[in-house]
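A.B. asks: Next comes work-v7.tsv, TSV, N, CA and C atoms:
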chain	number	residue	atom	x	y	z
Z	30	MET	N	1.98	6.97	8.19
Z	30	MET	CA	2.24	7.04	6.76
Z	30	MET	C	3.16	8.22	6.43
Z	31	GLU	N	3.08	9.25	7.25
Z	31	GLU	CA	3.97	10.39	7.02
Z	31	GLU	C	5.42	9.99	7.22
Z	32	ASP	N	5.68	9.05	8.12
Z	32	ASP	CA	7.05	8.58	8.35
Z	32	ASP	C	7.63	7.88	7.13
Z	33	LEU	N	6.75	7.41	6.24
Z	33	LEU	CA	7.20	6.72	5.03
Z	33	LEU	C	7.33	7.67	3.84
Z	34	GLY	N	7.13	8.97	4.07
Z	34	GLY	CA	7.30	9.94	3.01
Z	34	GLY	C	6.00	10.42	2.38
Z	35	PHE	N	4.87	10.04	2.94
Z	35	PHE	CA	3.59	10.48	2.42
Z	35	PHE	C	3.29	11.88	2.95
Z	36	GLN	N	2.90	12.79	2.08
Z	36	GLN	CA	2.51	14.13	2.51
Z	36	GLN	C	1.12	14.06	3.12
Z	37	LYS	N	0.82	15.00	4.01
Z	37	LYS	CA	-0.47	15.00	4.71
Z	37	LYS	C	-1.65	15.01	3.74
Z	38	GLU	N	-1.53	15.77	2.67
Z	38	GLU	CA	-2.63	15.85	1.70
Z	38	GLU	C	-2.87	14.49	1.04
Z	39	ILE	N	-1.78	13.80	0.72
Z	39	ILE	CA	-1.89	12.49	0.08
Z	39	ILE	C	-2.49	11.49	1.05
Z	40	VAL	N	-2.09	11.53	2.31
Z	40	VAL	CA	-2.65	10.63	3.31
Z	40	VAL	C	-4.16	10.84	3.40
Z	41	GLY	N	-4.58	12.08	3.40
Z	41	GLY	CA	-6.01	12.39	3.44
Z	41	GLY	C	-6.74	11.83	2.24
Z	42	GLN	N	-6.17	11.98	1.06
Z	42	GLN	CA	-6.78	11.47	-0.16
Z	42	GLN	C	-6.89	9.95	-0.13
Z	43	ILE	N	-5.83	9.31	0.34
Z	43	ILE	CA	-5.81	7.84	0.41
Z	43	ILE	C	-6.89	7.36	1.37
Z	44	LEU	N	-6.97	7.98	2.53
Z	44	LEU	CA	-7.94	7.54	3.53
Z	44	LEU	C	-9.37	7.83	3.10
Z	45	CYS	N	-9.59	8.89	2.32
Z	45	CYS	CA	-10.93	9.16	1.81
Z	45	CYS	C	-11.35	8.12	0.78
Z	46	ARG	N	-10.41	7.70	-0.04
Z	46	ARG	CA	-10.72	6.71	-1.07
Z	46	ARG	C	-10.86	5.31	-0.52
Z	47	CYS	N	-10.16	5.03	0.57
Z	47	CYS	CA	-10.16	3.68	1.13
Z	47	CYS	C	-10.15	3.76	2.66
Z	48	PRO	N	-11.29	4.11	3.26
Z	48	PRO	CA	-11.32	4.30	4.71
Z	48	PRO	C	-11.08	3.01	5.51
Z	49	GLU	N	-11.14	1.86	4.86
Z	49	GLU	CA	-10.87	0.60	5.54
Z	49	GLU	C	-9.46	0.55	6.11
Z	50	ILE	N	-8.58	1.38	5.57
Z	50	ILE	CA	-7.19	1.43	6.03
Z	50	ILE	C	-7.14	1.81	7.51
Z	51	PHE	N	-8.11	2.61	7.97
Z	51	PHE	CA	-8.15	2.99	9.39
Z	51	PHE	C	-8.16	1.76	10.29
Z	52	GLY	N	-8.77	0.69	9.84
Z	52	GLY	CA	-8.89	-0.51	10.66
Z	52	GLY	C	-7.72	-1.47	10.52
Z	53	CYS	N	-6.76	-1.15	9.69
Z	53	CYS	CA	-5.63	-2.05	9.46
Z	53	CYS	C	-4.54	-1.86	10.51
Z	54	SER	N	-3.93	-2.96	10.86
Z	54	SER	CA	-2.79	-2.92	11.77
Z	54	SER	C	-1.56	-2.47	10.99
Z	55	ILE	N	-0.82	-1.54	11.56
Z	55	ILE	CA	0.39	-1.06	10.89
Z	55	ILE	C	1.40	-2.19	10.73
Z	56	GLU	N	1.64	-2.92	11.82
Z	56	GLU	CA	2.66	-3.97	11.79
Z	56	GLU	C	2.21	-5.19	10.98
Z	57	LYS	N	0.97	-5.61	11.17
Z	57	LYS	CA	0.50	-6.85	10.55
Z	57	LYS	C	0.06	-6.68	9.11
Z	58	THR	N	-0.37	-5.49	8.75
Z	58	THR	CA	-0.93	-5.32	7.42
Z	58	THR	C	-0.14	-4.34	6.57
Z	59	LEU	N	-0.04	-3.11	7.01
Z	59	LEU	CA	0.55	-2.08	6.16
Z	59	LEU	C	2.03	-2.32	5.88
Z	60	GLN	N	2.79	-2.63	6.90
Z	60	GLN	CA	4.23	-2.87	6.69
Z	60	GLN	C	4.46	-4.10	5.82
Z	61	LYS	N	3.62	-5.12	5.97
Z	61	LYS	CA	3.76	-6.32	5.14
Z	61	LYS	C	3.57	-5.99	3.66
Z	62	LYS	N	2.63	-5.10	3.37
Z	62	LYS	CA	2.39	-4.72	1.97
Z	62	LYS	C	3.57	-3.95	1.41
Z	63	LEU	N	4.16	-3.09	2.20
Z	63	LEU	CA	5.30	-2.33	1.73
Z	63	LEU	C	6.52	-3.22	1.55
Z	64	ILE	N	6.68	-4.19	2.42
Z	64	ILE	CA	7.76	-5.18	2.25
Z	64	ILE	C	7.54	-5.99	0.98
Z	65	PHE	N	6.28	-6.35	0.73
Z	65	PHE	CA	5.91	-7.07	-0.49
Z	65	PHE	C	6.35	-6.28	-1.72
Z	66	LEU	N	6.09	-4.98	-1.73
Z	66	LEU	CA	6.49	-4.15	-2.87
Z	66	LEU	C	8.00	-4.11	-3.04
Z	67	THR	N	8.72	-4.00	-1.94
Z	67	THR	CA	10.19	-3.93	-2.06
Z	67	THR	C	10.77	-5.25	-2.57
Z	68	ARG	N	10.12	-6.37	-2.25
Z	68	ARG	CA	10.59	-7.67	-2.77
Z	68	ARG	C	10.53	-7.71	-4.29
Z	69	PHE	N	9.63	-6.92	-4.87
Z	69	PHE	CA	9.52	-6.88	-6.32
Z	69	PHE	C	10.27	-5.71	-6.93
Z	70	GLY	N	11.14	-5.10	-6.15
Z	70	GLY	CA	12.02	-4.06	-6.66
Z	70	GLY	C	11.46	-2.66	-6.67
Z	71	VAL	N	10.35	-2.43	-5.99
Z	71	VAL	CA	9.77	-1.09	-5.93
Z	71	VAL	C	10.54	-0.27	-4.90
Z	72	SER	N	11.01	0.88	-5.31
Z	72	SER	CA	11.74	1.78	-4.42
Z	72	SER	C	10.78	2.42	-3.42
Z	73	THR	N	11.26	2.63	-2.20
Z	73	THR	CA	10.41	3.25	-1.18
Z	73	THR	C	10.00	4.66	-1.58
Z	74	THR	N	10.75	5.30	-2.44
Z	74	THR	CA	10.38	6.64	-2.89
Z	74	THR	C	9.13	6.63	-3.77
Z	75	HIS	N	8.80	5.45	-4.33
Z	75	HIS	CA	7.61	5.33	-5.17
Z	75	HIS	C	6.36	4.95	-4.39
Z	76	PHE	N	6.50	4.57	-3.12
Z	76	PHE	CA	5.33	4.15	-2.33
Z	76	PHE	C	4.19	5.17	-2.33
Z	77	PRO	N	4.47	6.45	-2.04
Z	77	PRO	CA	3.35	7.41	-2.01
Z	77	PRO	C	2.58	7.47	-3.33
Z	78	ARG	N	3.29	7.45	-4.43
Z	78	ARG	CA	2.62	7.53	-5.73
Z	78	ARG	C	1.79	6.28	-6.02
Z	79	ILE	N	2.32	5.12	-5.69
Z	79	ILE	CA	1.60	3.87	-5.93
Z	79	ILE	C	0.37	3.77	-5.04
Z	80	ILE	N	0.55	4.05	-3.76
Z	80	ILE	CA	-0.57	3.92	-2.81
Z	80	ILE	C	-1.62	4.99	-3.07
Z	81	LYS	N	-1.21	6.17	-3.53
Z	81	LYS	CA	-2.19	7.21	-3.87
Z	81	LYS	C	-3.07	6.74	-5.02
Z	82	LYS	N	-2.46	6.07	-5.99
Z	82	LYS	CA	-3.21	5.60	-7.15
Z	82	LYS	C	-4.02	4.35	-6.85
Z	83	TYR	N	-3.48	3.45	-6.01
Z	83	TYR	CA	-4.14	2.19	-5.68
Z	83	TYR	C	-4.17	1.96	-4.17
Z	84	PRO	N	-4.92	2.77	-3.42
Z	84	PRO	CA	-4.93	2.62	-1.97
Z	84	PRO	C	-5.50	1.28	-1.51
Z	85	GLU	N	-6.31	0.65	-2.34
Z	85	GLU	CA	-6.90	-0.64	-1.99
Z	85	GLU	C	-5.83	-1.71	-1.81
Z	86	PHE	N	-4.68	-1.49	-2.41
Z	86	PHE	CA	-3.58	-2.44	-2.26
Z	86	PHE	C	-3.26	-2.71	-0.80
Z	87	LEU	N	-3.39	-1.70	0.03
Z	87	LEU	CA	-3.06	-1.85	1.45
Z	87	LEU	C	-4.01	-2.76	2.21
Z	88	ILE	N	-5.19	-3.01	1.67
Z	88	ILE	CA	-6.13	-3.89	2.37
Z	88	ILE	C	-6.25	-5.26	1.72
Z	89	TYR	N	-5.69	-5.43	0.53
Z	89	TYR	CA	-5.72	-6.73	-0.14
Z	89	TYR	C	-4.80	-7.71	0.58
Z	90	ASP	N	-5.13	-8.97	0.50
Z	90	ASP	CA	-4.24	-10.02	0.98
Z	90	ASP	C	-3.19	-10.23	-0.12
Z	91	ALA	N	-1.95	-9.89	0.17
Z	91	ALA	CA	-0.89	-9.94	-0.83
Z	91	ALA	C	-0.71	-11.33	-1.42
Z	92	ASP	N	-0.76	-12.36	-0.59
Z	92	ASP	CA	-0.51	-13.72	-1.07
Z	92	ASP	C	-1.70	-14.30	-1.83
Z	93	LYS	N	-2.91	-13.91	-1.47
Z	93	LYS	CA	-4.10	-14.49	-2.10
Z	93	LYS	C	-4.65	-13.64	-3.25
Z	94	THR	N	-4.40	-12.35	-3.24
Z	94	THR	CA	-4.99	-11.48	-4.25
Z	94	THR	C	-3.94	-10.89	-5.19
Z	95	VAL	N	-2.92	-10.27	-4.64
Z	95	VAL	CA	-1.95	-9.55	-5.45
Z	95	VAL	C	-0.99	-10.50	-6.17
Z	96	LEU	N	-0.40	-11.42	-5.46
Z	96	LEU	CA	0.58	-12.32	-6.06
Z	96	LEU	C	-0.01	-13.16	-7.19
Z	97	PRO	N	-1.20	-13.75	-7.03
Z	97	PRO	CA	-1.76	-14.50	-8.17
Z	97	PRO	C	-1.98	-13.64	-9.42
Z	98	ARG	N	-2.36	-12.39	-9.24
Z	98	ARG	CA	-2.55	-11.50	-10.39
Z	98	ARG	C	-1.22	-11.20	-11.04
Z	99	TYR	N	-0.19	-11.04	-10.22
Z	99	TYR	CA	1.15	-10.74	-10.75
Z	99	TYR	C	1.68	-11.93	-11.54
Z	100	LEU	N	1.43	-13.13	-11.06
Z	100	LEU	CA	1.97	-14.34	-11.70
Z	100	LEU	C	1.20	-14.75	-12.94
Z	101	SER	N	-0.02	-14.26	-13.10
Z	101	SER	CA	-0.79	-14.70	-14.28
Z	101	SER	C	-0.55	-13.85	-15.49
Show this structure as structure tokens.
C.D. replies:
Amino acid sequence: MEDLGFQKEIVGQILCRCPEIFGCSIEKTLQKKLIFLTRFGVSTTHFPRIIKKYPEFLIYDADKTVLPRYLS
């Protein structure tokens, strides 16, 4: 996560709020979520702020949970 611009303190806060992230695959889960955000025009510079506020986003199924909420 530090490679994506997250500061160590923020990474710690995110993992404390949503420890399930430890079990997520970087390639299969985390990167897919970040790609999902960029498809909707979110700049990579905003990732740390968004994920800090909503760390659960990284464990949601983007197609089944996030996209339906966005479209409704």
A.B. asks: Rank Z:Leu33, Z:Gly52, Z:Glu38, Z:Lys62 by their smallest atom-to-atom distance to Tyr89 in chain Z, using only N, CA and C atoms, and report the top residue only.
C.D. replies: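 For Tyr89 in chain Z, the nearest of the given residues is Z:Lys62.
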A.B. asks: Pick the closest to Ile50 in chain Z from Z:Lys82, Z:Glu31, Z:Ile88, Z:His75: which is it, counting all atoms listed in the file?
C.D. replies: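 Smallest separation from Ile50 in chain Z among the options: Z:Ile88.
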A.B. asks: If you count only C-alpha atoms, which residues fall within 9 Å of range 39-41 of chain Z, apart from same-chain ones fewer than 4 positions away, as a list in words?
C.D. replies: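 My reading of the contact set: Met30, Glu31, Phe35, Cys45, Arg46, Pro77, Arg78 and Lys81 of chain Z.
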A.B. asks: May I ask for the distance between CA of Thr74 in chain Z and atom N of Ile55 in chain Z, given in Å to one decimal place?
C.D. replies: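 Pair CA of Thr74 in chain Z / atom N of Ile55 in chain Z returns 20.0 Å.
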A.B. asks: Can you tell me how far CA of Lys57 in chain Z sits from atom N of Ile43 in chain Z, in Å to one decimal?
C.D. replies: 20.1 Å
A.B. asks: Report, in Å to a single decimal, how far apart CA of Ser54 in chain Z and atom C of Asp32 in chain Z are.
C.D. replies: 15.7 Å
A.B. asks: From the DSSP assignment of the backbone, select every residue of range 56-97 of chain Z that is helix (DSSP H, G or I), and format the answer as a PyMOL selection string.
C.D. replies: chain Z and resi 56-68+73-82+84-87+91-97
A.B. asks: Out of Z:Gln36, Z:Gln60, Z:Gln42, Z:Thr73, which residue has the shortest atom-to-atom distance to Leu87 in chain Z when counting only C-alpha atoms?
C.D. replies: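 Smallest distance to Leu87 in chain Z is found for Z:Gln60.
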A.B. asks: Show me the residues close to (-9.6, 0.9, -1.7) - anything with an atom within 8 Å, counting only C-alpha atoms - and format the list as a PDB file with N, CA and C atoms, in the coordinates of the input.
C.D. replies:
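So out-v3.pdb came out as:
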ATOM      1  N   ARG Z  46     -10.410   7.700  -0.040  1.00  0.00           N
ATOM      2  CA  ARG Z  46     -10.720   6.710  -1.070  1.00  0.00           C
ATOM      3  C   ARG Z  46     -10.860   5.310  -0.520  1.00  0.00           C
ATOM      4  N   CYS Z  47     -10.160   5.030   0.570  1.00  0.00           N
ATOM      5  CA  CYS Z  47     -10.160   3.680   1.130  1.00  0.00           C
ATOM      6  C   CYS Z  47     -10.150   3.760   2.660  1.00  0.00           C
ATOM      7  N   PRO Z  48     -11.290   4.110   3.260  1.00  0.00           N
ATOM      8  CA  PRO Z  48     -11.320   4.300   4.710  1.00  0.00           C
ATOM      9  C   PRO Z  48     -11.080   3.010   5.510  1.00  0.00           C
ATOM     10  N   GLU Z  49     -11.140   1.860   4.860  1.00  0.00           N
ATOM     11  CA  GLU Z  49     -10.870   0.600   5.540  1.00  0.00           C
ATOM     12  C   GLU Z  49      -9.460   0.550   6.110  1.00  0.00           C
ATOM     13  N   TYR Z  83      -3.480   3.450  -6.010  1.00  0.00           N
ATOM     14  CA  TYR Z  83      -4.140   2.190  -5.680  1.00  0.00           C
ATOM     15  C   TYR Z  83      -4.170   1.960  -4.170  1.00  0.00           C
ATOM     16  N   PRO Z  84      -4.920   2.770  -3.420  1.00  0.00           N
ATOM     17  CA  PRO Z  84      -4.930   2.620  -1.970  1.00  0.00           C
ATOM     18  C   PRO Z  84      -5.500   1.280  -1.510  1.00  0.00           C
ATOM     19  N   GLU Z  85      -6.310   0.650  -2.340  1.00  0.00           N
ATOM     20  CA  GLU Z  85      -6.900  -0.640  -1.990  1.00  0.00           C
ATOM     21  C   GLU Z  85      -5.830  -1.710  -1.810  1.00  0.00           C
ATOM     22  N   PHE Z  86      -4.680  -1.490  -2.410  1.00  0.00           N
ATOM     23  CA  PHE Z  86      -3.580  -2.440  -2.260  1.00  0.00           C
ATOM     24  C   PHE Z  86      -3.260  -2.710  -0.800  1.00  0.00           C
ATOM     25  N   LEU Z  87      -3.390  -1.700   0.030  1.00  0.00           N
ATOM     26  CA  LEU Z  87      -3.060  -1.850   1.450  1.00  0.00           C
ATOM     27  C   LEU Z  87      -4.010  -2.760   2.210  1.00  0.00           C
ATOM     28  N   ILE Z  88      -5.190  -3.010   1.670  1.00  0.00           N
ATOM     29  CA  ILE Z  88      -6.130  -3.890   2.370  1.00  0.00           C
ATOM     30  C   ILE Z  88      -6.250  -5.260   1.720  1.00  0.00           C
TER      31      ILE Z  88
END
A.B. asks: Provide range 35-56 of chain Z of the preceding structure as a file containing N, CA and C atoms, as a short mmCIF file (atom, residue, chain, number, x, y, z; two decimals), in the first residue's frame.
C.D. replies:
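Saved the output as selection_35.cif:
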data_model
loop_
_atom_site.label_atom_id
_atom_site.label_comp_id
_atom_site.auth_asym_id
_atom_site.auth_seq_id
_atom_site.Cartn_x
_atom_site.Cartn_y
_atom_site.Cartn_z
N PHE Z 35 0.31 5.51 0.12
CA PHE Z 35 -0.24 5.51 1.46
C PHE Z 35 0.90 5.68 2.47
N GLN Z 36 0.75 6.57 3.41
CA GLN Z 36 1.74 6.74 4.47
C GLN Z 36 1.59 5.60 5.46
N LYS Z 37 2.69 5.28 6.16
CA LYS Z 37 2.67 4.16 7.11
C LYS Z 37 1.58 4.31 8.17
N GLU Z 38 1.39 5.52 8.65
CA GLU Z 38 0.37 5.76 9.68
C GLU Z 38 -1.03 5.45 9.15
N ILE Z 39 -1.27 5.85 7.91
CA ILE Z 39 -2.58 5.62 7.30
C ILE Z 39 -2.79 4.13 7.07
N VAL Z 40 -1.76 3.43 6.63
CA VAL Z 40 -1.86 1.98 6.43
C VAL Z 40 -2.24 1.31 7.75
N GLY Z 41 -1.60 1.72 8.82
CA GLY Z 41 -1.91 1.17 10.13
C GLY Z 41 -3.35 1.43 10.53
N GLN Z 42 -3.84 2.63 10.30
CA GLN Z 42 -5.22 2.97 10.63
C GLN Z 42 -6.20 2.15 9.81
N ILE Z 43 -5.90 1.99 8.53
CA ILE Z 43 -6.78 1.22 7.64
C ILE Z 43 -6.84 -0.23 8.10
N LEU Z 44 -5.70 -0.80 8.40
CA LEU Z 44 -5.66 -2.21 8.81
C LEU Z 44 -6.30 -2.43 10.17
N CYS Z 45 -6.23 -1.44 11.05
CA CYS Z 45 -6.90 -1.56 12.35
C CYS Z 45 -8.42 -1.52 12.19
N ARG Z 46 -8.89 -0.70 11.29
CA ARG Z 46 -10.33 -0.58 11.07
C ARG Z 46 -10.90 -1.74 10.29
N CYS Z 47 -10.08 -2.35 9.43
CA CYS Z 47 -10.57 -3.42 8.57
C CYS Z 47 -9.48 -4.49 8.43
N PRO Z 48 -9.27 -5.30 9.48
CA PRO Z 48 -8.19 -6.28 9.45
C PRO Z 48 -8.38 -7.39 8.40
N GLU Z 49 -9.57 -7.50 7.85
CA GLU Z 49 -9.81 -8.50 6.80
C GLU Z 49 -8.94 -8.27 5.59
N ILE Z 50 -8.45 -7.05 5.44
CA ILE Z 50 -7.58 -6.71 4.30
C ILE Z 50 -6.33 -7.57 4.31
N PHE Z 51 -5.87 -7.97 5.51
CA PHE Z 51 -4.68 -8.83 5.59
C PHE Z 51 -4.86 -10.11 4.78
N GLY Z 52 -6.07 -10.60 4.68
CA GLY Z 52 -6.33 -11.84 3.97
C GLY Z 52 -6.60 -11.67 2.49
N CYS Z 53 -6.60 -10.45 2.01
CA CYS Z 53 -6.91 -10.19 0.60
C CYS Z 53 -5.67 -10.35 -0.28
N SER Z 54 -5.90 -10.86 -1.45
CA SER Z 54 -4.84 -10.96 -2.45
C SER Z 54 -4.62 -9.59 -3.07
N ILE Z 55 -3.37 -9.20 -3.19
CA ILE Z 55 -3.07 -7.90 -3.79
C ILE Z 55 -3.51 -7.87 -5.24
N GLU Z 56 -3.16 -8.90 -5.99
CA GLU Z 56 -3.46 -8.92 -7.42
C GLU Z 56 -4.96 -9.15 -7.69
#
